[in-house]
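Have a look at start_24.cif below; it lists mmCIF, C-alpha atoms (C1' of nucleotides) and all ligand atoms.
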```
data_run
loop_
_atom_site.label_atom_id
_atom_site.label_comp_id
_atom_site.auth_asym_id
_atom_site.auth_seq_id
_atom_site.Cartn_x
_atom_site.Cartn_y
_atom_site.Cartn_z
CA MET A 1 24.81 32.21 -28.46
CA LYS A 2 23.96 28.99 -26.66
CA LYS A 3 27.01 26.92 -25.92
CA ASN A 4 27.10 23.22 -26.44
CA PHE A 5 28.91 21.13 -23.86
CA GLU A 6 27.95 17.68 -25.13
CA GLU A 7 30.14 14.80 -24.09
CA MET A 8 32.65 17.03 -22.34
CA SER A 9 34.91 15.53 -19.70
CA TYR A 10 35.00 16.96 -16.21
CA ASP A 11 38.22 18.82 -16.86
CA GLU A 12 36.81 20.40 -19.97
CA LEU A 13 33.68 21.43 -18.14
CA LEU A 14 35.73 22.85 -15.32
CA THR A 15 37.78 24.88 -17.76
CA GLU A 16 34.59 26.20 -19.32
CA PHE A 17 33.26 27.10 -15.91
CA LYS A 18 36.46 28.94 -15.04
CA ASN A 19 36.30 30.84 -18.30
CA ILE A 20 32.72 31.86 -17.64
CA ILE A 21 33.66 32.92 -14.14
CA LYS A 22 36.55 35.01 -15.37
CA ALA A 23 34.57 36.52 -18.21
CA ASN A 24 32.01 37.76 -15.72
CA GLY A 25 34.44 39.14 -13.17
CA LEU A 26 33.51 36.46 -10.68
CA LYS A 27 35.67 34.23 -8.53
CA PHE A 28 36.37 30.53 -8.55
CA THR A 29 35.53 28.96 -5.19
CA SER A 30 35.67 25.50 -3.68
CA GLN A 31 31.88 25.55 -3.26
CA ARG A 32 31.38 26.19 -6.95
CA GLU A 33 33.79 23.44 -7.85
CA ALA A 34 32.18 20.96 -5.45
CA ILE A 35 28.77 21.60 -6.98
CA LEU A 36 30.01 21.08 -10.53
CA ARG A 37 31.91 17.95 -9.49
CA THR A 38 28.90 16.46 -7.76
CA LEU A 39 26.67 17.14 -10.74
CA TYR A 40 29.22 15.61 -13.06
CA ASP A 41 29.69 12.47 -10.99
CA ASN A 42 25.95 12.01 -10.61
CA PRO A 43 24.30 12.67 -13.94
CA GLN A 44 20.80 12.49 -12.50
CA HIS A 45 18.03 14.97 -11.85
CA PHE A 46 18.34 16.81 -8.54
CA THR A 47 16.27 19.26 -6.62
CA SER A 48 18.32 22.05 -5.07
CA GLU A 49 17.82 20.47 -1.67
CA ASN A 50 18.87 16.97 -2.80
CA LEU A 51 21.95 18.34 -4.44
CA TYR A 52 22.80 20.36 -1.34
CA MET A 53 22.70 17.23 0.78
CA LEU A 54 24.77 15.20 -1.66
CA VAL A 55 27.42 17.89 -1.96
CA LYS A 56 27.78 17.97 1.82
CA GLN A 57 28.02 14.19 1.93
CA ARG A 58 30.67 14.07 -0.78
CA HIS A 59 32.65 16.97 0.65
CA PRO A 60 32.38 16.63 4.43
CA ASP A 61 35.18 19.12 5.05
CA LEU A 62 33.56 21.84 2.98
CA THR A 63 31.19 24.34 4.54
CA ILE A 64 28.35 25.14 2.20
CA GLY A 65 24.90 26.65 2.59
CA ILE A 66 21.74 26.00 0.64
CA ALA A 67 21.78 29.59 -0.63
CA THR A 68 25.07 28.94 -2.37
CA VAL A 69 23.58 25.92 -4.09
CA TYR A 70 20.71 28.01 -5.41
CA ARG A 71 23.07 30.73 -6.53
CA THR A 72 25.48 28.38 -8.22
CA LEU A 73 22.77 26.42 -9.99
CA ALA A 74 21.40 29.68 -11.35
CA LEU A 75 24.85 30.68 -12.56
CA LEU A 76 25.47 27.30 -14.17
CA GLU A 77 22.08 27.28 -15.83
CA GLU A 78 22.45 30.79 -17.20
CA ASN A 79 25.60 29.58 -18.87
CA SER A 80 24.14 26.32 -20.13
CA LEU A 81 26.34 24.08 -18.02
CA VAL A 82 23.29 22.67 -16.32
CA SER A 83 19.72 22.35 -17.51
CA SER A 84 16.55 22.11 -15.51
CA ILE A 85 13.09 20.68 -15.75
CA SER A 86 10.15 22.26 -13.97
CA LEU A 87 7.92 19.68 -12.38
CA GLY A 88 4.93 21.87 -11.59
CA ILE A 89 4.55 22.39 -7.88
CA GLN A 90 7.08 19.68 -7.07
CA GLY A 91 9.74 22.21 -7.96
CA LYS A 92 12.65 22.24 -10.30
CA LYS A 93 15.20 19.54 -11.00
CA PHE A 94 18.68 20.13 -12.34
CA GLU A 95 21.12 18.01 -14.27
CA ILE A 96 24.53 18.49 -15.79
CA ALA A 97 24.27 19.60 -19.41
CA ASN A 98 27.07 17.59 -21.00
CA LYS A 99 24.63 15.34 -22.79
CA PRO A 100 22.70 15.91 -25.99
CA HIS A 101 19.39 17.70 -25.78
CA HIS A 102 16.58 15.47 -24.63
CA ASP A 103 13.15 15.56 -23.09
CA HIS A 104 11.65 13.53 -20.27
CA LEU A 105 9.18 10.74 -19.76
CA ILE A 106 8.09 10.65 -16.14
CA CYS A 107 6.28 7.97 -14.16
CA LYS A 108 3.49 9.47 -12.10
CA GLU A 109 3.63 6.62 -9.61
CA CYS A 110 7.30 6.22 -8.74
CA GLY A 111 8.83 9.36 -10.24
CA LYS A 112 11.16 7.49 -12.56
CA ILE A 113 12.54 9.73 -15.28
CA VAL A 114 13.44 8.37 -18.71
CA GLU A 115 15.28 10.59 -21.16
CA PHE A 116 14.55 10.58 -24.85
CA GLY A 117 15.31 12.61 -27.93
CA ASN A 118 13.12 12.84 -30.98
CA GLU A 119 14.22 14.77 -34.02
CA LYS A 120 10.86 14.63 -35.74
CA ILE A 121 9.17 16.35 -32.83
CA GLU A 122 11.92 18.94 -32.60
CA SER A 123 11.50 19.85 -36.24
CA LEU A 124 7.70 19.96 -35.97
CA GLN A 125 8.09 22.34 -33.05
CA HIS A 126 10.20 24.67 -35.15
CA GLN A 127 7.65 24.51 -37.89
CA ILE A 128 4.81 25.38 -35.52
CA ALA A 129 6.70 28.35 -34.16
CA LYS A 130 7.48 29.57 -37.64
CA GLU A 131 3.85 29.29 -38.73
CA ASN A 132 2.93 31.57 -35.85
CA GLY A 133 5.62 34.13 -36.48
CA PHE A 134 7.64 33.12 -33.44
CA GLU A 135 11.34 32.69 -33.19
CA LEU A 136 11.70 29.52 -31.15
CA THR A 137 14.28 29.73 -28.40
CA ASP A 138 13.38 26.93 -26.11
CA HIS A 139 10.85 24.33 -25.27
CA LEU A 140 9.52 22.19 -22.50
CA MET A 141 8.16 18.74 -23.16
CA GLN A 142 7.36 16.21 -20.52
CA LEU A 143 5.39 13.03 -21.04
CA TYR A 144 3.61 11.63 -18.00
CA GLY A 145 2.48 8.09 -17.56
CA VAL A 146 2.91 4.86 -15.67
CA CYS A 147 6.06 2.84 -16.13
CA SER A 148 6.09 -0.91 -16.68
CA GLU A 149 7.21 -1.62 -13.10
CA CYS A 150 4.35 0.35 -11.65
CA LYS A 151 1.83 -1.14 -14.05
CA LYS A 152 2.57 -4.59 -12.63
CA GLU A 153 1.81 -3.50 -9.10
CA THR A 154 -1.76 -2.53 -9.93
CA MET B 1 -12.15 8.04 -17.17
CA LYS B 2 -11.29 11.51 -18.43
CA LYS B 3 -14.38 13.44 -19.50
CA ASN B 4 -14.47 15.48 -22.63
CA PHE B 5 -16.27 18.78 -22.56
CA GLU B 6 -15.28 20.08 -25.97
CA GLU B 7 -17.47 22.73 -27.52
CA MET B 8 -19.99 22.64 -24.69
CA SER B 9 -22.24 25.62 -24.11
CA TYR B 10 -22.32 27.34 -20.76
CA ASP B 11 -25.57 25.64 -19.77
CA GLU B 12 -24.16 22.27 -20.58
CA LEU B 13 -21.03 22.96 -18.59
CA LEU B 14 -23.09 24.20 -15.69
CA THR B 15 -25.15 21.03 -15.73
CA GLU B 16 -21.98 18.97 -15.75
CA PHE B 17 -20.65 20.97 -12.84
CA LYS B 18 -23.86 20.46 -10.88
CA ASN B 19 -23.70 16.74 -11.54
CA ILE B 20 -20.14 16.58 -10.34
CA ILE B 21 -21.06 18.56 -7.27
CA LYS B 22 -23.98 16.30 -6.48
CA ALA B 23 -22.01 13.14 -7.16
CA ASN B 24 -19.46 14.21 -4.59
CA GLY B 25 -21.90 15.28 -1.90
CA LEU B 26 -20.94 18.92 -2.35
CA LYS B 27 -23.07 22.01 -2.65
CA PHE B 28 -23.77 24.39 -5.48
CA THR B 29 -22.91 27.95 -4.49
CA SER B 30 -23.03 31.33 -6.12
CA GLN B 31 -19.24 31.61 -5.81
CA ARG B 32 -18.74 28.39 -7.71
CA GLU B 33 -21.14 29.49 -10.38
CA ALA B 34 -19.51 32.92 -10.71
CA ILE B 35 -16.12 31.32 -11.21
CA LEU B 36 -17.35 28.96 -13.91
CA ARG B 37 -19.23 31.79 -15.61
CA THR B 38 -16.21 34.07 -15.60
CA LEU B 39 -13.99 31.35 -17.02
CA TYR B 40 -16.53 30.59 -19.71
CA ASP B 41 -16.98 34.21 -20.74
CA ASN B 42 -13.24 34.78 -20.82
CA PRO B 43 -11.60 31.82 -22.49
CA GLN B 44 -8.11 33.01 -21.65
CA HIS B 45 -5.36 31.88 -19.33
CA PHE B 46 -5.67 33.18 -15.79
CA THR B 47 -3.60 33.05 -12.68
CA SER B 48 -5.68 32.41 -9.57
CA GLU B 49 -5.17 36.01 -8.55
CA ASN B 50 -6.19 37.44 -11.94
CA LEU B 51 -9.29 35.33 -11.99
CA TYR B 52 -10.15 36.39 -8.44
CA MET B 53 -10.00 40.04 -9.45
CA LEU B 54 -12.06 39.51 -12.57
CA VAL B 55 -14.75 37.54 -10.74
CA LYS B 56 -15.10 40.36 -8.22
CA GLN B 57 -15.29 42.90 -11.01
CA ARG B 58 -17.95 40.95 -12.86
CA HIS B 59 -19.96 40.16 -9.76
CA PRO B 60 -19.68 43.24 -7.55
CA ASP B 61 -22.49 42.11 -5.28
CA LEU B 62 -20.87 38.76 -4.54
CA THR B 63 -18.52 38.30 -1.62
CA ILE B 64 -15.70 36.00 -2.53
CA GLY B 65 -12.26 35.29 -1.14
CA ILE B 66 -9.11 34.22 -2.87
CA ALA B 67 -9.17 30.93 -0.97
CA THR B 68 -12.45 30.04 -2.61
CA VAL B 69 -10.95 30.69 -6.02
CA TYR B 70 -8.09 28.30 -5.29
CA ARG B 71 -10.46 25.70 -3.94
CA THR B 72 -12.87 25.95 -6.85
CA LEU B 73 -10.16 25.86 -9.48
CA ALA B 74 -8.81 22.71 -7.89
CA LEU B 75 -12.26 21.16 -7.92
CA LEU B 76 -12.86 22.14 -11.54
CA GLU B 77 -9.49 20.86 -12.63
CA GLU B 78 -9.88 17.53 -10.84
CA ASN B 79 -13.02 17.07 -12.85
CA SER B 80 -11.55 18.21 -16.16
CA LEU B 81 -13.72 21.29 -16.50
CA VAL B 82 -10.66 23.49 -16.46
CA SER B 83 -7.10 22.77 -17.46
CA SER B 84 -3.93 24.44 -16.34
CA ILE B 85 -0.46 25.15 -17.57
CA SER B 86 2.48 25.42 -15.21
CA LEU B 87 4.76 28.30 -16.09
CA GLY B 88 7.70 27.39 -13.88
CA ILE B 89 8.09 29.78 -11.00
CA GLN B 90 5.65 32.23 -12.54
CA GLY B 91 2.88 30.00 -11.27
CA LYS B 92 -0.03 28.25 -12.81
CA LYS B 93 -2.54 29.51 -15.34
CA PHE B 94 -6.03 28.14 -15.76
CA GLU B 95 -8.47 28.06 -18.64
CA ILE B 96 -11.89 26.60 -19.29
CA ALA B 97 -11.62 23.15 -20.80
CA ASN B 98 -14.40 23.26 -23.36
CA LYS B 99 -11.98 23.40 -26.23
CA PRO B 100 -10.07 20.63 -27.97
CA HIS B 101 -6.74 19.60 -26.51
CA HIS B 102 -3.95 21.95 -27.42
CA ASP B 103 -0.51 23.01 -26.33
CA HIS B 104 1.01 26.47 -25.95
CA LEU B 105 3.48 28.72 -27.68
CA ILE B 106 4.59 31.46 -25.32
CA CYS B 107 6.39 34.72 -25.98
CA LYS B 108 9.20 35.22 -23.48
CA GLU B 109 9.08 38.98 -23.93
CA CYS B 110 5.41 39.92 -23.64
CA GLY B 111 3.87 36.72 -22.32
CA LYS B 112 1.54 36.25 -25.27
CA ILE B 113 0.14 32.73 -25.44
CA VAL B 114 -0.76 31.09 -28.75
CA GLU B 115 -2.63 27.79 -28.74
CA PHE B 116 -1.90 25.06 -31.22
CA GLY B 117 -2.69 21.41 -31.77
CA ASN B 118 -0.50 18.99 -33.66
CA GLU B 119 -1.62 15.45 -34.26
CA LYS B 120 1.74 14.29 -35.54
CA ILE B 121 3.44 15.27 -32.32
CA GLU B 122 0.70 13.70 -30.25
CA SER B 123 1.13 10.41 -32.02
CA LEU B 124 4.91 10.52 -31.78
CA GLN B 125 4.54 11.08 -28.06
CA HIS B 126 2.43 7.96 -27.75
CA GLN B 127 4.99 6.03 -29.73
CA ILE B 128 7.82 7.19 -27.50
CA ALA B 129 5.94 6.21 -24.37
CA LYS B 130 5.16 2.80 -25.82
CA GLU B 131 8.78 2.20 -26.77
CA ASN B 132 9.73 2.79 -23.16
CA GLY B 133 7.04 0.59 -21.67
CA PHE B 134 5.03 3.52 -20.36
CA GLU B 135 1.32 3.99 -20.49
CA LEU B 136 0.95 7.64 -21.46
CA THR B 137 -1.64 9.52 -19.45
CA ASP B 138 -0.75 13.10 -20.00
CA HIS B 139 1.80 15.48 -21.35
CA LEU B 140 3.10 18.97 -21.07
CA MET B 141 4.48 20.82 -24.06
CA GLN B 142 5.29 24.48 -24.15
CA LEU B 143 7.26 26.21 -26.86
CA TYR B 144 9.04 29.39 -25.86
CA GLY B 145 10.19 32.12 -28.18
CA VAL B 146 9.78 35.68 -29.30
CA CYS B 147 6.62 36.72 -31.11
CA SER B 148 6.59 38.84 -34.26
CA GLU B 149 5.50 41.97 -32.36
CA CYS B 150 8.36 41.69 -29.92
CA LYS B 151 10.88 40.90 -32.63
CA LYS B 152 10.15 44.27 -34.26
CA GLU B 153 10.93 46.16 -31.08
CA THR B 154 14.51 44.90 -30.93
"C1'" DT C 1 -38.77 25.93 8.20
"C1'" DA C 2 -35.58 22.96 10.89
"C1'" DT C 3 -31.68 20.35 10.58
"C1'" DC C 4 -27.09 19.57 9.65
"C1'" DA C 5 -23.30 18.90 6.52
"C1'" DT C 6 -20.61 21.62 3.56
"C1'" DA C 7 -18.74 26.17 2.03
"C1'" DT C 8 -17.05 30.46 2.92
"C1'" DG C 9 -13.79 34.43 4.07
"C1'" DA C 10 -10.41 36.04 7.01
"C1'" DC C 11 -6.60 34.69 8.75
"C1'" DT C 12 -2.52 31.95 9.66
"C1'" DA C 13 0.86 28.44 8.29
"C1'" DT C 14 3.84 26.39 4.99
"C1'" DC C 15 7.47 25.81 1.98
"C1'" DA C 16 10.51 26.80 -1.77
"C1'" DT C 17 13.09 30.38 -3.30
"C1'" DT C 18 15.37 35.19 -2.73
"C1'" DA C 19 17.32 39.00 -0.45
"C1'" DT C 20 20.22 40.94 3.20
"C1'" DC C 21 24.44 41.61 5.42
"C1'" DA C 22 28.59 41.05 8.13
"C1'" DA C 23 32.43 38.14 7.86
"C1'" DA C 24 35.46 35.26 4.88
"C1'" DA C 25 37.92 34.16 0.85
"C1'" DA C 26 39.68 35.05 -3.90
"C1'" DG C 27 42.95 36.97 -6.72
"C1'" DG C 28 45.51 40.92 -8.48
"C1'" DT C 29 49.56 43.86 -7.37
"C1'" DG C 30 54.11 44.82 -5.83
"C1'" DC D 1 54.09 36.76 0.75
"C1'" DA D 2 51.30 40.68 2.69
"C1'" DC D 3 48.06 44.07 1.11
"C1'" DC D 4 43.87 45.59 -0.90
"C1'" DT D 5 39.61 45.50 -3.21
"C1'" DT D 6 35.84 42.92 -4.85
"C1'" DT D 7 33.15 39.03 -4.74
"C1'" DT D 8 31.34 35.15 -2.11
"C1'" DT D 9 29.65 32.97 1.59
"C1'" DG D 10 26.38 31.11 5.32
"C1'" DA D 11 23.03 32.34 8.48
"C1'" DT D 12 19.01 34.35 8.74
"C1'" DA D 13 15.02 36.98 7.51
"C1'" DA D 14 11.80 38.11 3.86
"C1'" DT D 15 8.85 36.90 0.21
"C1'" DG D 16 5.04 35.11 -2.25
"C1'" DA D 17 2.12 31.62 -3.90
"C1'" DT D 18 -0.68 28.17 -2.16
"C1'" DA D 19 -2.85 25.34 1.57
"C1'" DG D 20 -4.87 24.80 6.10
"C1'" DT D 21 -7.87 26.37 10.16
"C1'" DC D 22 -12.03 27.66 12.16
"C1'" DA D 23 -16.15 30.18 13.42
"C1'" DT D 24 -19.97 31.63 10.81
"C1'" DA D 25 -22.96 31.44 6.73
"C1'" DT D 26 -25.37 28.91 3.45
"C1'" DG D 27 -27.39 25.05 0.62
"C1'" DA D 28 -29.93 20.76 0.37
"C1'" DT D 29 -33.08 17.80 2.14
"C1'" DA D 30 -37.20 16.47 4.49
MN MN E 201 17.52 14.75 -18.32
MN MN E 202 -4.85 27.10 -23.72
ZN ZN E 203 6.93 3.97 -12.04
ZN ZN E 204 5.79 38.97 -27.53
#
```

Transcribe the structure of this file into structure tokens.
Ligand SMILES: [Mn+2]
Ligand SMILES: [Mn+2]
Ligand SMILES: [Zn+2]
Ligand SMILES: [Zn+2]
Amino acid sequence: MKKNFEEMSYDELLTEFKNIIKANGLKFTSQREAILRTLYDNPQHFTSENLYMLVKQRHPDLTIGIATVYRTLALLEENSLVSSISLGIQGKKFEIANKPHHDHLICKECGKIVEFGNEKIESLQHQIAKENGFELTDHLMQLYGVCSECKKET
Amino acid sequence: MKKNFEEMSYDELLTEFKNIIKANGLKFTSQREAILRTLYDNPQHFTSENLYMLVKQRHPDLTIGIATVYRTLALLEENSLVSSISLGIQGKKFEIANKPHHDHLICKECGKIVEFGNEKIESLQHQIAKENGFELTDHLMQLYGVCSECKKET
DNA sequence: TATCATATGACTATCATTATCAAAAAGGTG
DNA sequence: CACCTTTTTGATAATGATAGTCATATGATA
């Protein structure tokens, strides 16, 4: 059921988004487009607030409220066009989902986020779920540490 | 620096707690003891609120406020006597930390939590961190799926 | 037991996220 | 294009988990 949007261009993603919108009886708006565009052009990890500010900066003529950012991110995530990582109390960060699945290595000092993928771990996770009678749908894996930059400073 | 309290009895944990309290110029109180006791007797995963209710139920003669539960859990966690898992928006769950390190497999339907440990994954995680110049201090791994009970019901 | 620093419970404040709602915009239809 | 209906929007209020405040209570020490 889960769509895969790996390596898609902006136009392809936009078409997908429009299809999703149509399929759900929703409407295509300039706010929704601006959010997708901003995420595409900045393939980083954003809090809702950060993204809100960047969208306004990139689209000065567009009126947009923070509520719309929350709503649109939820819509995009439900349809696998964006993915999110939960950083405990520090909230949630979102990124465009046109890259292969990966997990995150996070520096506790400076917040730097490094992406990595590891097939061995993925397959072990499936095995663990199976052994416990679970059907694995999803997982969350974040490694925390101190990056080389920050190690120097100590 | 991180203490290891695996397999400790309640008395041993209590002694550790008292030492920590003394070392920090704090005071040993009946509320703090009741919280540790309740966590020890119920080695499950509690939200702050759930734990608060259970402590009151188990110690009807003790006056205790939710704020004290938050404060004590923070103190216990800082000193590695309890550990927590962050469940996104659904908040944080705490458990006594006198068991070996493990991660969690969580049913999305009923919330059931299964604990597991996997040395292969742990060592792969260290390898990944090393490859990226990070010093690994910690990690978060949660597998989400549907348990066998819940699969039946569909 | 007297002293005094810390802890407590009730309460308020905070802060991210959601809900509400009247006004605006989308997008069919002819 | 004008009309019509539905969805969307932004401003704002509400929510809910957690943290902070403060006067009083309590623990540790002598
Ligand atoms: Mn990422
Ligand atoms: Mn556990
Ligand atoms: Zn760093
Ligand atoms: Zn289940």

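Across the model, the gap from C1' of DC15 (chain C) to CA of Thr38 (chain A) is 25.3 Å.
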
When distances are computed from all atoms listed in the file, which of A:Ile113, A:Asn98, A:Gln57, A:Leu87 shows the smallest separation from chain B?
A:Leu87

Give me the residues of chain A that have any atom at most 12 Å from an atom of chain B; for each, the nearest atom pair and the distance in Å, rounded to one decimal. Use all atoms listed in the file, sort by chain and number, and format it as JSON lines.
```
{"residue": "A:Ser84", "atom": "CA", "partner": "B:Gly88", "partner_atom": "CA", "distance": 10.4}
{"residue": "A:Ile85", "atom": "CA", "partner": "B:Gly88", "partner_atom": "CA", "distance": 8.8}
{"residue": "A:Ser86", "atom": "CA", "partner": "B:Gly88", "partner_atom": "CA", "distance": 5.7}
{"residue": "A:Leu87", "atom": "CA", "partner": "B:Gly88", "partner_atom": "CA", "distance": 7.9}
{"residue": "A:Gly88", "atom": "CA", "partner": "B:Ser86", "partner_atom": "CA", "distance": 5.6}
{"residue": "A:Ile89", "atom": "CA", "partner": "B:Ser86", "partner_atom": "CA", "distance": 8.2}
{"residue": "A:Gln90", "atom": "CA", "partner": "B:Gly88", "partner_atom": "CA", "distance": 10.3}
{"residue": "A:Gly91", "atom": "CA", "partner": "B:Gly88", "partner_atom": "CA", "distance": 8.1}
{"residue": "A:Lys92", "atom": "CA", "partner": "B:Gly88", "partner_atom": "CA", "distance": 8.0}
{"residue": "A:Lys93", "atom": "CA", "partner": "B:Gly88", "partner_atom": "CA", "distance": 11.2}
{"residue": "A:Asp103", "atom": "CA", "partner": "B:Met141", "partner_atom": "CA", "distance": 10.2}
{"residue": "A:His104", "atom": "CA", "partner": "B:His139", "partner_atom": "CA", "distance": 10.1}
{"residue": "A:Leu105", "atom": "CA", "partner": "B:Ala129", "partner_atom": "CA", "distance": 7.2}
{"residue": "A:Ile106", "atom": "CA", "partner": "B:Phe134", "partner_atom": "CA", "distance": 8.8}
{"residue": "A:Cys107", "atom": "CA", "partner": "B:Phe134", "partner_atom": "CA", "distance": 7.7}
{"residue": "A:Lys108", "atom": "CA", "partner": "B:Thr137", "partner_atom": "CA", "distance": 9.0}
{"residue": "A:Glu109", "atom": "CA", "partner": "B:Phe134", "partner_atom": "CA", "distance": 11.3}
{"residue": "A:Lys112", "atom": "CA", "partner": "B:Phe134", "partner_atom": "CA", "distance": 10.7}
{"residue": "A:Ile113", "atom": "CA", "partner": "B:Asn132", "partner_atom": "CA", "distance": 10.9}
{"residue": "A:Val114", "atom": "CA", "partner": "B:Asn132", "partner_atom": "CA", "distance": 8.0}
{"residue": "A:Glu115", "atom": "CA", "partner": "B:Asn132", "partner_atom": "CA", "distance": 9.8}
{"residue": "A:Phe116", "atom": "CA", "partner": "B:Ile128", "partner_atom": "CA", "distance": 8.0}
{"residue": "A:Gly117", "atom": "CA", "partner": "B:Ile128", "partner_atom": "CA", "distance": 9.3}
{"residue": "A:Asn118", "atom": "CA", "partner": "B:Ile128", "partner_atom": "CA", "distance": 8.5}
{"residue": "A:Glu119", "atom": "CA", "partner": "B:Leu124", "partner_atom": "CA", "distance": 10.5}
{"residue": "A:Lys120", "atom": "CA", "partner": "B:Ile121", "partner_atom": "CA", "distance": 8.2}
{"residue": "A:Ile121", "atom": "CA", "partner": "B:Ile121", "partner_atom": "CA", "distance": 5.9}
{"residue": "A:Glu122", "atom": "CA", "partner": "B:Ile121", "partner_atom": "CA", "distance": 9.2}
{"residue": "A:Ser123", "atom": "CA", "partner": "B:Ile121", "partner_atom": "CA", "distance": 10.1}
{"residue": "A:Leu124", "atom": "CA", "partner": "B:Ile121", "partner_atom": "CA", "distance": 7.3}
{"residue": "A:Gln125", "atom": "CA", "partner": "B:Leu143", "partner_atom": "CA", "distance": 7.3}
{"residue": "A:His126", "atom": "CA", "partner": "B:Leu143", "partner_atom": "CA", "distance": 8.9}
{"residue": "A:Gln127", "atom": "CA", "partner": "B:Asn118", "partner_atom": "CA", "distance": 10.7}
{"residue": "A:Ile128", "atom": "CA", "partner": "B:Phe116", "partner_atom": "CA", "distance": 8.0}
{"residue": "A:Ala129", "atom": "CA", "partner": "B:Leu105", "partner_atom": "CA", "distance": 7.2}
{"residue": "A:Lys130", "atom": "CA", "partner": "B:Cys147", "partner_atom": "CA", "distance": 9.7}
{"residue": "A:Glu131", "atom": "CA", "partner": "B:Phe116", "partner_atom": "CA", "distance": 10.4}
{"residue": "A:Asn132", "atom": "CA", "partner": "B:Cys147", "partner_atom": "CA", "distance": 7.9}
{"residue": "A:Gly133", "atom": "CA", "partner": "B:Ser148", "partner_atom": "CA", "distance": 5.3}
{"residue": "A:Phe134", "atom": "CA", "partner": "B:Cys147", "partner_atom": "CA", "distance": 4.4}
{"residue": "A:Glu135", "atom": "CA", "partner": "B:Val146", "partner_atom": "CA", "distance": 5.1}
{"residue": "A:Leu136", "atom": "CA", "partner": "B:Gly145", "partner_atom": "CA", "distance": 4.2}
{"residue": "A:Thr137", "atom": "CA", "partner": "B:Gly145", "partner_atom": "CA", "distance": 4.7}
{"residue": "A:Asp138", "atom": "CA", "partner": "B:Tyr144", "partner_atom": "CA", "distance": 5.0}
{"residue": "A:His139", "atom": "CA", "partner": "B:Leu143", "partner_atom": "CA", "distance": 4.4}
{"residue": "A:Leu140", "atom": "CA", "partner": "B:Gln142", "partner_atom": "CA", "distance": 5.1}
{"residue": "A:Met141", "atom": "CA", "partner": "B:Met141", "partner_atom": "CA", "distance": 4.3}
{"residue": "A:Gln142", "atom": "CA", "partner": "B:Leu140", "partner_atom": "CA", "distance": 5.1}
{"residue": "A:Leu143", "atom": "CA", "partner": "B:His139", "partner_atom": "CA", "distance": 4.4}
{"residue": "A:Tyr144", "atom": "CA", "partner": "B:Asp138", "partner_atom": "CA", "distance": 5.0}
{"residue": "A:Gly145", "atom": "CA", "partner": "B:Leu136", "partner_atom": "CA", "distance": 4.2}
{"residue": "A:Val146", "atom": "CA", "partner": "B:Glu135", "partner_atom": "CA", "distance": 5.1}
{"residue": "A:Cys147", "atom": "CA", "partner": "B:Phe134", "partner_atom": "CA", "distance": 4.4}
{"residue": "A:Ser148", "atom": "CA", "partner": "B:Gly133", "partner_atom": "CA", "distance": 5.3}
{"residue": "A:Glu149", "atom": "CA", "partner": "B:Gly133", "partner_atom": "CA", "distance": 8.9}
{"residue": "A:Cys150", "atom": "CA", "partner": "B:Phe134", "partner_atom": "CA", "distance": 9.3}
{"residue": "A:Lys151", "atom": "CA", "partner": "B:Glu135", "partner_atom": "CA", "distance": 8.2}
{"residue": "A:Lys152", "atom": "CA", "partner": "B:Gly133", "partner_atom": "CA", "distance": 11.3}
```

Do a neighbour search on DG10 (chain D) at 12 Å with only C-alpha atoms (C1' of nucleotides), toss out local chain neighbours closer than 2 positions, and write the hits as a PyMOL selection string.
(chain A and resi 31+62-69) or (chain C and resi 20-24) or (chain D and resi 8+12)

Output, as lines of an AutoDock Vina configuration file, the centre and edge lengths in Å (one decimal) of the axis-aligned box that contains all listed atoms of region 7-19 of chain C with 6 Å of margin on each side.
```
center_x = -0.7
center_y = 32.4
center_z = 3.2
size_x = 48.1
size_y = 25.2
size_z = 25.0
```

Name all residues at most 7 Å from Val55 (chain A) (count only C-alpha atoms (C1' of nucleotides); drop same-chain ones fewer than 4 positions away) and give them as a PyMOL selection string.
chain A and resi 34-35+38+51+59

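Shell of Glu7 (chain B) at 12 Å, with all atoms listed in the file counted and residues fewer than 5 places along the chain excluded, is Glu12, Leu13, Tyr40, Pro43, Leu81, Ile96, Ala97, Asn98, Lys99, Pro100 and His101 of chain B.
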
Got a sec: who's within 10 Å of Phe17 (chain B), counting all atoms listed in the file, leaving out chain neighbours fewer than 4 positions off, as number ranges by chain?
B: 11-13, 21-23, 28, 32-33, 36, 75-76, 79, 81

Show me, as number ranges by chain, the residues of chain D whose atoms get within 9 Å of chain B, using only C-alpha atoms (C1' of nucleotides) for the distance check.
D: 17-19, 26-28

Resulting file, chosen residues, C-alpha atoms (C1' of nucleotides), as a PDB file, in the coordinates of the input:
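Writing the result to result.pdb gives the following:
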```
ATOM      1  C1'  DA D  17       2.120  31.620  -3.900  1.00  0.00           C
ATOM      2  C1'  DT D  18      -0.680  28.170  -2.160  1.00  0.00           C
ATOM      3  C1'  DA D  19      -2.850  25.340   1.570  1.00  0.00           C
ATOM      4  C1'  DT D  26     -25.370  28.910   3.450  1.00  0.00           C
ATOM      5  C1'  DG D  27     -27.390  25.050   0.620  1.00  0.00           C
ATOM      6  C1'  DA D  28     -29.930  20.760   0.370  1.00  0.00           C
TER       7       DA D  28
END
```

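Coordinates place CA of Leu73 (chain B) at a distance of 12.5 Å from CA of His45 (chain B).
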
Atomic separation - C1' of DA14 (chain D) relative to CA of Tyr52 (chain B), Å:
25.2 Å
